[in-house]
4 protein chains.
Amino acid sequence: MADVNKVVLAYSGGLDTSVILKWLQDTYNCEVVTFTADLGQGEEVEPARAKAQAMGVKEIYIDDLREEFVRDFVFPMFRANTVYEGEYLLGTSIARPLIAKRLIEIANETGADAISHGATGKGNDQVRFELGAYALKPGVKVIAPWREWDLLSREKLMDYAEKHAIPIERHGKKKSPYSMDANLLHISYEGGVLEDTWTEHEEDMWRWTVSPENAPNTPTYIELTYRNGDIVAIDGVDMSPATVLATLNRIGGENGIGRLDIVENRYVGMKSRGCYETPGGTIMLRAHRAIESITLDREVAHLKDELMPKYASLIYTGYWWSPERLMLQQMIDASQVNVNGVVRLKLYKGNVVVTGRKSDDSLFDANIATFEEDGGAYNQADAAGFIKLNALRMRIAANKGRTLL
Amino acid sequence: MADVNKVVLAYSGGLDTSVILKWLQDTYNCEVVTFTADLGQGEEVEPARAKAQAMGVKEIYIDDLREEFVRDFVFPMFRANTVYEGEYLLGTSIARPLIAKRLIEIANETGADAISHGATGKGNDQVRFELGAYALKPGVKVIAPWREWDLLSREKLMDYAEKHAIPIERHGKKKSPYSMDANLLHISYEGGVLEDTWTEHEEDMWRWTVSPENAPNTPTYIELTYRNGDIVAIDGVDMSPATVLATLNRIGGENGIGRLDIVENRYVGMKSRGCYETPGGTIMLRAHRAIESITLDREVAHLKDELMPKYASLIYTGYWWSPERLMLQQMIDASQVNVNGVVRLKLYKGNVVVTGRKSDDSLFDANIATFEEDGGAYNQADAAGFIKLNALRMRIAANKGRTLL
Amino acid sequence: MADVNKVVLAYSGGLDTSVILKWLQDTYNCEVVTFTADLGQGEEVEPARAKAQAMGVKEIYIDDLREEFVRDFVFPMFRANTVYEGEYLLGTSIARPLIAKRLIEIANETGADAISHGATGKGNDQVRFELGAYALKPGVKVIAPWREWDLLSREKLMDYAEKHAIPIERHGKKKSPYSMDANLLHISYEGGVLEDTWTEHEEDMWRWTVSPENAPNTPTYIELTYRNGDIVAIDGVDMSPATVLATLNRIGGENGIGRLDIVENRYVGMKSRGCYETPGGTIMLRAHRAIESITLDREVAHLKDELMPKYASLIYTGYWWSPERLMLQQMIDASQVNVNGVVRLKLYKGNVVVTGRKSDDSLFDANIATFEEDGGAYNQADAAGFIKLNALRMRIAANKGRTLL
Amino acid sequence: MADVNKVVLAYSGGLDTSVILKWLQDTYNCEVVTFTADLGQGEEVEPARAKAQAMGVKEIYIDDLREEFVRDFVFPMFRANTVYEGEYLLGTSIARPLIAKRLIEIANETGADAISHGATGKGNDQVRFELGAYALKPGVKVIAPWREWDLLSREKLMDYAEKHAIPIERHGKKKSPYSMDANLLHISYEGGVLEDTWTEHEEDMWRWTVSPENAPNTPTYIELTYRNGDIVAIDGVDMSPATVLATLNRIGGENGIGRLDIVENRYVGMKSRGCYETPGGTIMLRAHRAIESITLDREVAHLKDELMPKYASLIYTGYWWSPERLMLQQMIDASQVNVNGVVRLKLYKGNVVVTGRKSDDSLFDANIATFEEDGGAYNQADAAGFIKLNALRMRIAANKGRTLL
């Protein structure tokens, strides 16, 4: 067991991390610094203070990171139209590097030599926390209680809590049967009945969105204004990044948008099923592609598309804080300089429909594209040579007897 | 002007290709063979016979290619989860290589030395037809009237038709303002008001789908059975490929599924706006990803995702009949040997929701994935070493003073 | 410590694996099966039998795997022009999966429940052995003594050997200061003075090749005949795969060909310097590219080149026995069906010079390529349209004010 | 025929472009501006002035572009370790965009509305010139005489020259039978006996390098100093980019380095054989990989390797002046910030041998890499977990009955 003087704990204030807090104190006989972040998860963070104080914590960090989260993590990711395995918008993945960064910053400020978190040994989050931590502070010690202790069932955890007088709150709402994670980009659900891939998810699982069935019978139209690939205004009203996302979450949620039920491949080697609500993100992905469709050069767009799966995997597997992610980001960001303009969307019962896009930087040239006479803007005869030379290698091959059928 | 003896014309029976037929006879003073295909476009093909006969055509081919189209073109494409530029399901693109192949087969059967088609010099279809034709019969002559003649407006075309007594049918339905293309996979709409990217498409443009607003208020559930990556049964009833797609089109269309409005990048270098209805294809894409999610190895899935944009571009740009597409196809097809099982979907007002997937070939291991105790199936301590070594290069770099922030 | 009944050990007969043999017997109190392979390393394998017998081993496998090694591993890899990090021909990497496969086959034959090997915990080889073993027999136990025991210095190892009466042979030749690995594809050298990346490697380190300085003053010409991407004859004489490689090693070594001194990135996260002699492989890489240059379609060749780094990494990191490597291999092998013909090479003091290539499947068309009049085989005017349309997107962008400078 | 007022001609002063000059004056009845560049081709450029004057040209540009060529084109390309089709160092390709840029700059300065060049309709150079020109000045007219006129044989060209009193110089050296191109990076040879891929190139074809046979019997050692991926000093002496390349050409040429004989795939669709001398470039490629091997992160290096073929194709096919090349360049350049240090090379009879590399930014950690005891720098036990989790997906698959053999 490592010799630890002071550890910064990613502390939610909930039962699990409260048990961890106590367990760290007892097991490592070390000082614990708590760090609680408001990432837009929709729960109060201040109550964590009293709980930490009650357990004797002297250095307590409670940060509102919502703007930084959206501005420096969510928005850069959406510039790449990032989707993991064709479906997942990486709502959990993208929050972890920010937490890792703050854990290390706080460790540096408080002179701590270790960090700790409540992620299990089976998931991706441990990897995301720890790769980030090691990359930013290579000598840091990492304590991952779920990989070390023997409190591997809920029962044992409760016993430990009772034995150590850790308050177990009984919400009015009964304990969710799901393992959940939330931030301004999404809520995720795992476990419970979802562990059978054939069983349909339950309607009452969802927290942020109404069902398409219960969404309004009339559509909502919105206009999103982009600058350098990021949304800067909704319906003409300038907003900060976090306000943009919160607003889209609200509108999307009201219209039944952004539910997802998938089986994904974890970095640690297993498949797992997850359900996700990402109302704002679902809107942003569609809209970003729409604004890019008129402002990006074709080959730039295609290059971005070819690299996107790699970029998405890097984020999913926890390599946000890596030189290769930064390298890709520079390319992605460089591509966004002309991604300016407005996208009009129709939102209706789960559907996000693009109904218009315009931009001073549009590369759409109606004069050339038209089916009507174009006054010589495009010489149709050019196409003959274009096709002939593109076909040449295949014609030579066929002439030499190569067959394709 | 090339010296042509006999030309096979892709003949729809409509005004444009009727004018072309006449124009070919007059301009090239050659025999014309007509080829009319039923690709599921939803219009009768038999009437083309009488029209061709009326213009003196002796060799008339009218083929029902629906099964071949879906089995050998649409299904192989969907095995790759193919999407062009993040949105477009390639409904037009995938039909062209089959037409090119039949044109060449008929040229070989009839001793024709040339082929002709009605695609303009601005679009992708000319490229798709001609690359395919050249690849399969390198010495063939290609006549693309739209690139050669001076009938470049609708008015001139009508004049020519009248002058040559080509019947201009007046449908009960008034002429669509859109340039359209249809086959069993989709209908496309271009031109008209769509030439302004900011103008919303009109509701009465759509032909195959009801709007989400007008779709039923109760969802439809279906189960799709996959074998080797292809759908072989719906709700337990075995069906041929074309029947599968026709059925999904019907069900999807009734539920308002599969409308798309995009600006895409053509191979010839311009951006153009298109609207597409692909009800069956939209369902198939979602369902195929779902069945792959439990049956494909992670790295195989990721490799497919990384290559998909390239594969999609090959189809979009007309390289179906190329050695590189065949090479990719072999890899894609090889990946599908275990893609067997059933996907359950909920269809509701434009939404395609995956609600379950199961397979005898599933790689989902509930025992390992569970949040409960797993009886040693997975050793959480392994994760520590996994993370440590994955972090090593970044720790070394940080120790040497490299920074990421 | 795992409960082990019988373990198959990859046994070279040398000191290290002899110590391991004894240590396994003592530590695990289990039966040991030895497996010694002739992969063309140039040392007798039979002596391993007596040594194993002397330590009480009852089941002894000594296999000549040279043909299988070259036919099923080396040749398939060279079909892809495989190079890791621009330089390394993967001589060590490609032998490991065959050893892993045999270890598992022998475990199955002898009813062993474990395998063991002499690779350290710092290198790539442990990964290659174990990933292969787990992939082929998922329940197998793996014993990696270097990760478990405390004999972590040469001194301690010698002590252990002496204490247990394990014979330490004193070759006439003094012990090499390098950690070496050899098989029919190459010898590698690591450690010693190479641990300083600035220090020049020593001339007397090399075993298989003369220096360019000492190579003959007159060049050697050879002709290699390819069938489906593999060499089947040298100077018109048909040869088995292993004989091909042995012959090229001899000729290459005599002409000072195939030395390499690099710093590479290991899978476990560190950089390490290695020197490699790969005389035959160096010739094969050059020659294979030459035969492909006239027989492969351009886009097929480019697709292979784009995927090669990925394929090389898979082999380097030990994923030979993975579904993604197999998937890539199918594509690579499919590309080789026309890679037939003859390449003529001039070998001279370290240089491999291609001086000619010919093939019945050549796609080189002198009639089209000629600088002389080509009788209409190629219409130069086609190029104008080709360029115009390829430039269109950039012209539109420039017209809209986009700049590139 | 386009209506042209003034055309800027890429003018070498040789016979072909002198004929073109005259032909342009006669055919287009327009003013011609000549542009002659010193790109290090090794021939005097000043004589072009008198020739142009003799033909009545009033605006004559003669530019020494050597520094700009190496600094802004050659060096950026080598940062990516760029190689086309595994072998070709792109010596011709990389010079064309600079010429295109100057043609357009001069057109803008002189108010010309057209440019012209002497590249044929079969090659890549026409594409490179014209794509660049169109990208930088979208409305420019391009006159490519070889695609327009009927002087398609050497004989006709000579007749035209004689008829119009264009001086045909008779060098002492007899006319090379090869089509050649030279600049500071390389000389190329095409045509003549090279049009048969089986015929060996002739020793007396080569101009810049001695043969390995005739190179000195003692090796030459040099040390190259890198800053941000570019060479800034040779043997400790600071040099400008062009001087670096000229120096390496001299040293490399003396040591028989940099000859290449390949069959390549042209953009216009045919295969063609070329011989190239690139002494300095051959050294630079090897050395750049060596300095990167100790200074680049593994994943950054691998990402560069995966993108390199694409980047090489962009340059080969003439897309230097494209947004996608610029986008890739930003990523490549960003990767070079730590590529600093010194590489020691041994040059001997065609061989470029890396014998040492060092850097203050080295990521090589001898303490971790060592085969000796490392004092805990690396925990070998970590490897077990690393391998176990990397193997997990394959173990699950094998447990479910999937097979790899």
# chains A, B, ... in the order shown; residues from 1 in each chain; ligands from 1

$ residues_around --residues "segment 373-385 of chain B" --least-positions-apart "2" --cutoff "6 Å" --atoms "only C-alpha atoms" --output "PyMOL selection string"
(chain A and resi 121+147) or (chain B and resi 367-368+387-388) or (chain D and resi 382-383+385-386)

$ write_last_selection --atoms "C-alpha atoms" --output "mmCIF file, in the first residue's frame"
data_model
loop_
_atom_site.group_PDB
_atom_site.id
_atom_site.type_symbol
_atom_site.label_atom_id
_atom_site.label_comp_id
_atom_site.auth_asym_id
_atom_site.auth_seq_id
_atom_site.Cartn_x
_atom_site.Cartn_y
_atom_site.Cartn_z
ATOM 1 C CA GLY A 121 -12.555 -1.265 -11.772
ATOM 2 C CA ARG A 147 -10.160 -1.832 -7.005
ATOM 3 C CA ASN B 367 -21.736 -11.946 -16.078
ATOM 4 C CA ILE B 368 -18.732 -9.765 -16.739
ATOM 5 C CA ILE B 387 -3.979 2.103 -16.837
ATOM 6 C CA LYS B 388 -0.413 2.403 -15.607
ATOM 7 C CA ASP D 382 1.621 -3.881 -14.190
ATOM 8 C CA ALA D 383 2.053 -5.742 -17.447
ATOM 9 C CA GLY D 385 -3.184 -6.440 -15.910
ATOM 10 C CA PHE D 386 -2.369 -4.586 -19.091
#

$ residues_around --residues "Ser313 of chain C" --least-positions-apart "6" --cutoff "9 Å" --atoms "only C-alpha atoms" --output "count of residues only"
5

$ closest_atom_pairs --of "chain A" --to "chain C" --cutoff "12 Å" --atoms "only C-alpha atoms" --output "CSV"
residue,atom,partner,partner_atom,distance
A:Ile294,CA,C:Ala397,CA,11.1
A:Thr295,CA,C:Ala397,CA,9.4
A:Leu296,CA,C:Ala397,CA,9.5
A:Asp297,CA,C:Arg393,CA,7.2
A:Arg298,CA,C:Arg393,CA,7.6
A:Glu299,CA,C:Arg393,CA,9.2
A:Val300,CA,C:Arg393,CA,11.2
A:Glu306,CA,C:Glu306,CA,11.9
A:Val337,CA,C:Arg402,CA,10.7
A:Asn338,CA,C:Arg402,CA,8.9
A:Ser359,CA,C:Lys400,CA,11.5
A:Asp360,CA,C:Lys400,CA,9.2
A:Asp361,CA,C:Lys400,CA,7.5
A:Ser362,CA,C:Lys400,CA,8.0
A:Leu363,CA,C:Ala397,CA,6.1
A:Phe364,CA,C:Ile396,CA,8.5
A:Asp365,CA,C:Ile396,CA,7.5
A:Ala366,CA,C:Ile396,CA,11.0
A:Asn367,CA,C:Ile396,CA,10.7
A:Ile368,CA,C:Ile396,CA,9.2
A:Ala369,CA,C:Ile396,CA,11.3
A:Ala377,CA,C:Ile396,CA,10.3
A:Tyr378,CA,C:Leu392,CA,9.0
A:Asn379,CA,C:Gly385,CA,8.8
A:Gln380,CA,C:Gly385,CA,9.0
A:Ala381,CA,C:Gly385,CA,7.2
A:Asp382,CA,C:Gly385,CA,3.8
A:Ala383,CA,C:Gly385,CA,5.9
A:Ala384,CA,C:Gly385,CA,6.8
A:Gly385,CA,C:Asp382,CA,3.8
A:Phe386,CA,C:Phe386,CA,3.6
A:Ile387,CA,C:Phe386,CA,7.2
A:Lys388,CA,C:Asp382,CA,6.7
A:Leu389,CA,C:Phe386,CA,6.7
A:Asn390,CA,C:Phe386,CA,7.9
A:Ala391,CA,C:Phe386,CA,10.9
A:Leu392,CA,C:Tyr378,CA,9.0
A:Arg393,CA,C:Asp297,CA,7.2
A:Met394,CA,C:Asp297,CA,8.0
A:Arg395,CA,C:Leu363,CA,10.2
A:Ile396,CA,C:Leu363,CA,6.8
A:Ala397,CA,C:Leu363,CA,6.1
A:Ala398,CA,C:Leu363,CA,9.6
A:Asn399,CA,C:Leu363,CA,9.3
A:Lys400,CA,C:Leu363,CA,7.0
A:Gly401,CA,C:Asp361,CA,8.7
A:Arg402,CA,C:Asp361,CA,8.6
A:Thr403,CA,C:Asn338,CA,11.1

$ atom_distance --atom1 "atom CA of Leu185 of chain C" --atom2 "atom CA of Pro145 of chain C"
27.1 Å

$ residues_around --residues "segment 176-181 of chain B" --least-positions-apart "6" --cutoff "6 Å" --atoms "only C-alpha atoms" --output "list in words"
Ile187, Ser188, Tyr189, Glu190, Gly191 and Gly192 of chain B

$ atom_distance --atom1 "atom CA of Asp261 of chain C" --atom2 "atom CA of Ile231 of chain C"
26.7 Å

$ select_by_dssp --residues "segment 50-289 of chain C" --states "helix (DSSP H, G or I)" --output "MDAnalysis selection string"
chainID C and resid 50:54 66:78 96:110 125:136 145:148 154:163 192:195 203:205 212:214 241:254 279:289

$ residues_around --residues "segment 9-23 of chain D" --least-positions-apart "5" --cutoff "10 Å" --atoms "only C-alpha atoms" --output "tab-separated table (two decimals) with N, CA, C and O atoms, in the first residue's frame"
chain	number	residue	atom	x	y	z
D	28	TYR	N	-2.70	33.53	-80.01
D	28	TYR	CA	-3.61	34.33	-79.19
D	28	TYR	C	-3.46	35.82	-79.46
D	28	TYR	O	-4.20	36.62	-78.90
D	29	ASN	N	-2.47	36.15	-80.26
D	29	ASN	CA	-2.24	37.55	-80.59
D	29	ASN	C	-2.23	38.40	-79.31
D	29	ASN	O	-2.86	39.45	-79.23
D	31	GLU	N	-0.03	39.66	-75.54
D	31	GLU	CA	1.27	39.94	-74.96
D	31	GLU	C	1.67	38.79	-74.05
D	31	GLU	O	0.84	38.23	-73.33
D	32	VAL	N	2.97	38.46	-74.07
D	32	VAL	CA	3.46	37.38	-73.22
D	32	VAL	C	4.43	37.95	-72.19
D	32	VAL	O	5.31	38.74	-72.54
D	33	VAL	N	4.22	37.58	-70.95
D	33	VAL	CA	5.16	37.90	-69.87
D	33	VAL	C	5.89	36.60	-69.55
D	33	VAL	O	5.26	35.56	-69.40
D	34	THR	N	7.20	36.64	-69.48
D	34	THR	CA	7.91	35.39	-69.16
D	34	THR	C	8.33	35.39	-67.70
D	34	THR	O	8.67	36.42	-67.11
D	35	PHE	N	8.30	34.20	-67.17
D	35	PHE	CA	8.72	33.98	-65.78
D	35	PHE	C	9.68	32.80	-65.77
D	35	PHE	O	9.33	31.69	-66.18
D	36	THR	N	10.88	33.07	-65.31
D	36	THR	CA	11.91	32.03	-65.25
D	36	THR	C	12.41	31.95	-63.82
D	36	THR	O	12.76	32.97	-63.23
D	37	ALA	N	12.41	30.75	-63.26
D	37	ALA	CA	12.75	30.61	-61.84
D	37	ALA	C	14.01	29.80	-61.66
D	37	ALA	O	14.22	28.80	-62.34
D	38	ASP	N	14.84	30.26	-60.76
D	38	ASP	CA	15.95	29.43	-60.30
D	38	ASP	C	15.49	28.67	-59.07
D	38	ASP	O	15.32	29.23	-57.99
D	43	GLU	N	20.99	25.06	-63.82
D	43	GLU	CA	21.25	25.71	-65.10
D	43	GLU	C	21.07	27.21	-64.91
D	43	GLU	O	20.24	27.66	-64.13
D	44	GLU	N	21.83	27.96	-65.69
D	44	GLU	CA	21.72	29.41	-65.62
D	44	GLU	C	20.33	29.85	-66.03
D	44	GLU	O	19.74	29.31	-66.96
D	45	VAL	N	19.78	30.81	-65.32
D	45	VAL	CA	18.48	31.33	-65.69
D	45	VAL	C	18.58	32.66	-66.44
D	45	VAL	O	17.69	33.03	-67.19
D	46	GLU	N	19.69	33.35	-66.26
D	46	GLU	CA	19.83	34.66	-66.90
D	46	GLU	C	19.71	34.61	-68.42
D	46	GLU	O	19.10	35.50	-69.03
D	47	PRO	N	20.27	33.60	-69.07
D	47	PRO	CA	20.17	33.57	-70.54
D	47	PRO	C	18.74	33.64	-71.05
D	47	PRO	O	18.52	34.03	-72.21
D	48	ALA	N	17.79	33.27	-70.22
D	48	ALA	CA	16.40	33.33	-70.65
D	48	ALA	C	15.98	34.76	-70.98
D	48	ALA	O	15.09	34.99	-71.79
D	49	ARG	N	16.66	35.72	-70.35
D	49	ARG	CA	16.28	37.11	-70.55
D	49	ARG	C	16.48	37.53	-72.01
D	49	ARG	O	15.55	38.05	-72.65
D	50	ALA	N	17.66	37.26	-72.49
D	50	ALA	CA	17.97	37.69	-73.85
D	50	ALA	C	17.05	37.01	-74.86
D	50	ALA	O	16.58	37.62	-75.83
D	51	LYS	N	16.80	35.73	-74.61
D	51	LYS	CA	15.93	35.00	-75.53
D	51	LYS	C	14.53	35.60	-75.55
D	51	LYS	O	13.91	35.73	-76.61
D	52	ALA	N	14.04	35.89	-74.36
D	52	ALA	CA	12.70	36.48	-74.30
D	52	ALA	C	12.67	37.84	-74.97
D	52	ALA	O	11.77	38.15	-75.75
D	55	MET	N	12.41	37.76	-78.57
D	55	MET	CA	11.08	37.48	-79.11
D	55	MET	C	10.08	38.57	-78.76
D	55	MET	O	8.87	38.36	-78.89
D	56	GLY	N	10.62	39.69	-78.30
D	56	GLY	CA	9.76	40.84	-78.12
D	56	GLY	C	9.04	40.92	-76.79
D	56	GLY	O	8.12	41.72	-76.62
D	57	VAL	N	9.48	40.12	-75.85
D	57	VAL	CA	8.82	40.18	-74.55
D	57	VAL	C	9.25	41.42	-73.80
D	57	VAL	O	10.44	41.74	-73.75
D	60	ILE	N	9.72	40.72	-68.18
D	60	ILE	CA	10.50	39.50	-67.99
D	60	ILE	C	10.80	39.35	-66.50
D	60	ILE	O	11.39	40.24	-65.89
D	61	TYR	N	10.37	38.24	-65.94
D	61	TYR	CA	10.65	37.97	-64.52
D	61	TYR	C	11.65	36.82	-64.42
D	61	TYR	O	11.42	35.74	-64.98
D	62	ILE	N	12.74	37.07	-63.72
D	62	ILE	CA	13.71	36.01	-63.45
D	62	ILE	C	13.98	36.02	-61.95
D	62	ILE	O	14.53	36.99	-61.42
D	99	ILE	N	5.80	27.41	-58.40
D	99	ILE	CA	5.73	28.03	-59.73
D	99	ILE	C	4.31	28.55	-59.98
D	99	ILE	O	4.13	29.67	-60.48
D	100	ALA	N	3.31	27.74	-59.60
D	100	ALA	CA	1.93	28.20	-59.78
D	100	ALA	C	1.68	29.50	-59.03
D	100	ALA	O	1.08	30.44	-59.55
D	102	ARG	N	3.86	31.79	-58.14
D	102	ARG	CA	4.54	32.94	-58.76
D	102	ARG	C	3.86	33.34	-60.06
D	102	ARG	O	3.74	34.53	-60.36
D	103	LEU	N	3.39	32.39	-60.83
D	103	LEU	CA	2.67	32.73	-62.06
D	103	LEU	C	1.48	33.63	-61.74
D	103	LEU	O	1.22	34.62	-62.43
D	106	ILE	N	2.56	37.10	-60.51
D	106	ILE	CA	3.01	37.93	-61.63
D	106	ILE	C	1.82	38.35	-62.49
D	106	ILE	O	1.76	39.49	-62.97
D	107	ALA	N	0.89	37.43	-62.66
D	107	ALA	CA	-0.34	37.80	-63.40
D	107	ALA	C	-1.02	38.96	-62.71
D	107	ALA	O	-1.46	39.92	-63.37
D	114	ALA	N	-4.18	35.48	-68.08
D	114	ALA	CA	-3.96	34.06	-68.38
D	114	ALA	C	-2.56	33.64	-67.96
D	114	ALA	O	-1.67	34.47	-67.78
D	115	ILE	N	-2.40	32.34	-67.79
D	115	ILE	CA	-1.06	31.77	-67.58
D	115	ILE	C	-0.90	30.64	-68.57
D	115	ILE	O	-1.86	30.10	-69.11
D	116	SER	N	0.36	30.26	-68.78
D	116	SER	CA	0.63	29.16	-69.69
D	116	SER	C	1.86	28.41	-69.20
D	116	SER	O	2.71	28.96	-68.50
D	117	HIS	N	1.94	27.14	-69.58
D	117	HIS	CA	3.07	26.30	-69.13
D	117	HIS	C	3.37	25.27	-70.20
D	117	HIS	O	2.56	25.05	-71.12
D	118	GLY	N	4.48	24.61	-70.06
D	118	GLY	CA	4.90	23.66	-71.08
D	118	GLY	C	4.68	22.20	-70.75
D	118	GLY	O	5.31	21.32	-71.34
D	119	ALA	N	3.80	21.94	-69.79
D	119	ALA	CA	3.56	20.55	-69.40
D	119	ALA	C	2.59	19.89	-70.38
D	119	ALA	O	1.67	20.53	-70.88
D	129	PHE	N	0.21	22.57	-61.87
D	129	PHE	CA	0.22	24.00	-62.22
D	129	PHE	C	-1.20	24.58	-62.16
D	129	PHE	O	-1.43	25.63	-61.60
D	143	ILE	N	-3.66	28.41	-70.48
D	143	ILE	CA	-3.36	27.91	-71.83
D	143	ILE	C	-2.29	26.83	-71.71
D	143	ILE	O	-1.18	27.07	-71.24
D	144	ALA	N	-2.68	25.62	-72.11
D	144	ALA	CA	-1.77	24.49	-72.07
D	144	ALA	C	-1.51	24.05	-73.50
D	144	ALA	O	-2.22	23.22	-74.05
D	145	PRO	N	-0.51	24.64	-74.13
D	145	PRO	CA	-0.32	24.41	-75.58
D	145	PRO	C	-0.28	22.94	-75.97
D	145	PRO	O	-0.83	22.56	-77.00
D	146	TRP	N	0.36	22.11	-75.15
D	146	TRP	CA	0.46	20.70	-75.52
D	146	TRP	C	-0.91	20.03	-75.65
D	146	TRP	O	-1.04	18.99	-76.29
D	149	TRP	N	-2.32	22.43	-79.34
D	149	TRP	CA	-1.74	22.54	-80.66
D	149	TRP	C	-1.59	21.18	-81.32
D	149	TRP	O	-1.96	20.16	-80.78
D	151	LEU	N	1.49	20.27	-82.59
D	151	LEU	CA	2.94	20.01	-82.67
D	151	LEU	C	3.31	18.84	-81.77
D	151	LEU	O	4.15	18.95	-80.89
D	154	ARG	N	8.38	15.62	-81.77
D	154	ARG	CA	9.58	16.46	-81.71
D	154	ARG	C	9.88	17.07	-83.08
D	154	ARG	O	10.29	18.23	-83.19
D	157	LEU	N	7.83	20.04	-83.78
D	157	LEU	CA	8.27	21.13	-82.93
D	157	LEU	C	9.50	21.80	-83.57
D	157	LEU	O	9.60	23.04	-83.63
D	158	MET	N	10.43	20.96	-84.02
D	158	MET	CA	11.65	21.50	-84.64
D	158	MET	C	11.30	22.27	-85.92
D	158	MET	O	11.87	23.34	-86.17
D	160	TYR	N	8.59	23.84	-86.54
D	160	TYR	CA	8.00	25.11	-86.13
D	160	TYR	C	9.09	26.08	-85.70
D	160	TYR	O	9.06	27.27	-86.05
D	161	ALA	N	10.06	25.55	-84.92
D	161	ALA	CA	11.15	26.40	-84.44
D	161	ALA	C	11.92	26.97	-85.62
D	161	ALA	O	12.20	28.18	-85.69
D	162	GLU	N	12.27	26.13	-86.53
D	162	GLU	CA	13.04	26.59	-87.70
D	162	GLU	C	12.26	27.62	-88.48
D	162	GLU	O	12.77	28.67	-88.84
D	164	HIS	N	10.05	29.59	-87.53
D	164	HIS	CA	9.92	30.88	-86.84
D	164	HIS	C	11.23	31.41	-86.31
D	164	HIS	O	11.25	32.27	-85.43
D	165	ALA	N	12.34	30.84	-86.79
D	165	ALA	CA	13.66	31.35	-86.42
D	165	ALA	C	13.91	31.33	-84.92
D	165	ALA	O	14.52	32.25	-84.36
D	166	ILE	N	13.40	30.31	-84.28
D	166	ILE	CA	13.72	30.14	-82.86
D	166	ILE	C	15.02	29.36	-82.78
D	166	ILE	O	15.11	28.26	-83.34
D	167	PRO	N	16.01	29.92	-82.11
D	167	PRO	CA	17.33	29.26	-82.10
D	167	PRO	C	17.27	27.91	-81.38
D	167	PRO	O	16.77	27.81	-80.27
D	168	ILE	N	17.76	26.87	-82.06
D	168	ILE	CA	17.86	25.54	-81.45
D	168	ILE	C	19.30	25.33	-81.06
D	168	ILE	O	20.18	25.14	-81.90
D	169	GLU	N	19.56	25.40	-79.77
D	169	GLU	CA	20.95	25.30	-79.32
D	169	GLU	C	21.43	23.86	-79.43
D	169	GLU	O	20.72	22.92	-79.11
